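Reading through the structure tokens given below for one structure.
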Amino acid sequence: MPNGDNWQGDVLRELRGGAPQQPVPEQPLPGAAAPEQPGRPVQGPAYSHPPQQPSTDAPAHHRQQEHTARQQQPVDAARRATPDSRPVLDKRLASAALKPRHGEAFAARALRAVRRTVSSSAAREVAGAAATAEALQQAVTTGRQIAVTSIRGGSGKTTVTALLGATYAHYRQDPVLVVEADPALGSLPLRVGAQALRWTTGDLAGLVEPQMSLLDVTGYLVQLPGNAWLLPGSQGQVGAMLDTKAYERVMVSLRRYFGVTVVDCETLPAEVARTALSAAQARVLTVPATLEGVASTRAVLEWMRNLPRHVLASTVVVLTEVAPHSGLDLRKATEELTAAGARVAVLPYDRHLAAGGTIRTELLARATRDAVARLAAEVFQLSQKQR
């Protein structure tokens, strides 16, 4: 990976089609420069515009490998076969989707605007946003990997993964990767707005090599708005599998190309999820804001106490409100989970997120955007404390 003072320019030229840099052994990832407007809200590059389609041909590095292999020795045809591109969502099914709703009602937005006009809290809000942006833009020496998992379905795990990926891509200038390590019909590609899929995590495990450049690697990924990419777990096929060895090979190989990687894991106690938790520098455990969810999480936190100490210390529990009225005292629930040794954040109910489909961050409620930015900053700071 290019390094030195001109690393950022080298990467951008490479992504725009410039000559690939000479491959070098893995080097620490230099820090990225801060964007010009660090205090802007998390509503910039969203997953609201269709991302670029995956290339119809294999990347240049892949084609060169095939040519060289044919000349020198036989190769495994299955390993070198280029999979067909498949749409994320059938067009007829997509037509059934209604127009996306804003995260909060118009009356609530209008009332908040009036309050900001007549109150003195606007300056504090700007100062808080600037502090959050500064934390998110900290330089990294090596790529940070953040694992997002849960103990049950429907807790908002994939939604939180997509929101974190969008936030890091908005604030940071180094490349950001979102990985789907939940191949069992995961919904991450739909949530981030991908149009079609080809290469998967399992495919890349047999293709990635140390001498590959960033341009070679991104040729196998789905480009998202901004400086972000997606590595899907499957093509939406029932029975797709991902073993721990394949996951470890991909994550170790890709770490040097991306400043931040957010991984959408399987639910615990799946083997790949446990591997992802132990290998990541920070962890997010999503929990539905219900009495059952909090009770189950207490048991998981007790189990995590038997793991190396840094695992629990670098974990944030996210209570997700999946309904407008959860029937749970969030303050007391937070106190209980904090007493068990966890850091706790709350993702408030948002009509736009609850509707499903592609996330458009400009439609999120203000409270949701602020909560996601704070969560992203806290998790990123925790990841900086780990090797």
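Just remember, in the structure tokens the first chain shown is A, the second B, etc., residues are 1-based per chain, and ligands are 1-based in the order shown.
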
> Per DSSP on the backbone, what are the strand (DSSP E) residues of region 284-374 of chain A, as JSON, numbers by chain?
Replying inline: {"A": [284, 285, 286, 287, 288, 315, 316, 317, 318, 319, 320, 343, 344, 345, 346, 347]}

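Residues with any atom within 7 Å of region 292-298 of chain A, counting only C-alpha atoms and excluding same-chain neighbours fewer than 5 positions away, are A:Val287, A:Ala333, A:Leu337, A:Ala340.
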
Would you write out those residues with N, CA and C atoms, as a short mmCIF file (atom, residue, chain, number, x, y, z; two decimals), in the first residue's frame?
```cif
data_model
loop_
_atom_site.label_atom_id
_atom_site.label_comp_id
_atom_site.auth_asym_id
_atom_site.auth_seq_id
_atom_site.Cartn_x
_atom_site.Cartn_y
_atom_site.Cartn_z
N VAL A 287 -28.97 -4.61 20.80
CA VAL A 287 -29.97 -5.25 21.65
C VAL A 287 -31.30 -4.53 21.48
N ALA A 333 -32.58 0.67 32.37
CA ALA A 333 -31.95 -0.41 31.61
C ALA A 333 -30.48 -0.11 31.36
N LEU A 337 -27.14 -2.40 32.63
CA LEU A 337 -26.12 -2.91 31.72
C LEU A 337 -24.76 -2.29 32.02
N ALA A 340 -23.07 -4.05 34.72
CA ALA A 340 -22.50 -5.34 34.30
C ALA A 340 -21.18 -5.17 33.58
#
```

> When DSSP works through the backbone of this structure, what residues of region 239-360 of chain A end up as alpha helix (DSSP H), shown as a PyMOL selection string?
Replying inline: chain A and resi 244-254+271-279+291-304+309-313+330-339+351-354

>> Which residues are close to region 362-371 of chain A, i.e. within 7 Å by only C-alpha atoms, leaving aside same-chain residues fewer than 2 positions away? Reply as a PyMOL selection string.
In response: chain A and resi 42-43+102-104+347-348+350+352+360+373-375

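Computed from the coordinates, the CA of Ala270 (chain A) to CA of Val379 (chain A) distance equals 22.4 Å.
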
Residue contacts of Leu163 (chain A) (7 Å, only C-alpha atoms) excluding same-chain residues fewer than 4 positions away, as a PDB file with all heavy atoms, in the first residue's frame:
```
ATOM      1  N   THR A 159     -28.700  -2.644  10.458  1.00  0.00           N
ATOM      2  CA  THR A 159     -28.966  -1.209  10.371  1.00  0.00           C
ATOM      3  C   THR A 159     -27.840  -0.414  11.002  1.00  0.00           C
ATOM      4  O   THR A 159     -27.363   0.584  10.430  1.00  0.00           O
ATOM      5  CB  THR A 159     -30.300  -0.874  11.062  1.00  0.00           C
ATOM      6  OG1 THR A 159     -31.362  -1.529  10.370  1.00  0.00           O
ATOM      7  CG2 THR A 159     -30.549   0.625  11.074  1.00  0.00           C
ATOM      8  N   THR A 167     -21.339   6.838   8.287  1.00  0.00           N
ATOM      9  CA  THR A 167     -20.764   7.904   9.108  1.00  0.00           C
ATOM     10  C   THR A 167     -19.260   8.007   8.902  1.00  0.00           C
ATOM     11  O   THR A 167     -18.718   9.099   8.694  1.00  0.00           O
ATOM     12  CB  THR A 167     -21.068   7.652  10.599  1.00  0.00           C
ATOM     13  OG1 THR A 167     -22.479   7.556  10.774  1.00  0.00           O
ATOM     14  CG2 THR A 167     -20.530   8.780  11.458  1.00  0.00           C
ATOM     15  N   VAL A 372     -26.064   8.397  16.181  1.00  0.00           N
ATOM     16  CA  VAL A 372     -25.154   7.576  15.373  1.00  0.00           C
ATOM     17  C   VAL A 372     -23.759   8.192  15.340  1.00  0.00           C
ATOM     18  O   VAL A 372     -22.747   7.481  15.436  1.00  0.00           O
ATOM     19  CB  VAL A 372     -25.714   7.411  13.948  1.00  0.00           C
ATOM     20  CG1 VAL A 372     -24.682   6.747  13.039  1.00  0.00           C
ATOM     21  CG2 VAL A 372     -26.992   6.581  13.972  1.00  0.00           C
TER      22      VAL A 372
END
```

> In Å, how far is it from CA of Thr244 (chain A) to CA of Gln195 (chain A)?
Replying inline: 27.5 Å

>> Which residues are near Gly156 (chain A)? Cut-off 8 Å, only C-alpha atoms, ignore same chain within fewer than 6 positions. Put them as an NGL selection string.
In response: :A and (286-288 or 320 or 322)

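The closest residue to Thr315 (chain A), picked from A:Leu136, A:Ala246, A:Leu277, A:Ala194 and counting only C-alpha atoms, is A:Leu277.
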
>> I want to know what sits within 7 Å of Ala282 (chain A), based on only C-alpha atoms, with residues of the same chain fewer than 6 positions away left out; could you give that as a list of chain:residue names?
In response: A:Gln145, A:Ile146, A:Ala147, A:Ser314, A:Thr315, A:Val379, A:Leu382, A:Ser383

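The space separating CA of Asn227 (chain A) from CA of Leu214 (chain A) comes to 12.4 Å.
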
>> Env of Val316 (chain A): 8 Å cut, atoms = only C-alpha atoms, seq-sep filter 4 positions within chain, self excluded. Answer as a count of residues only.
In response: 8
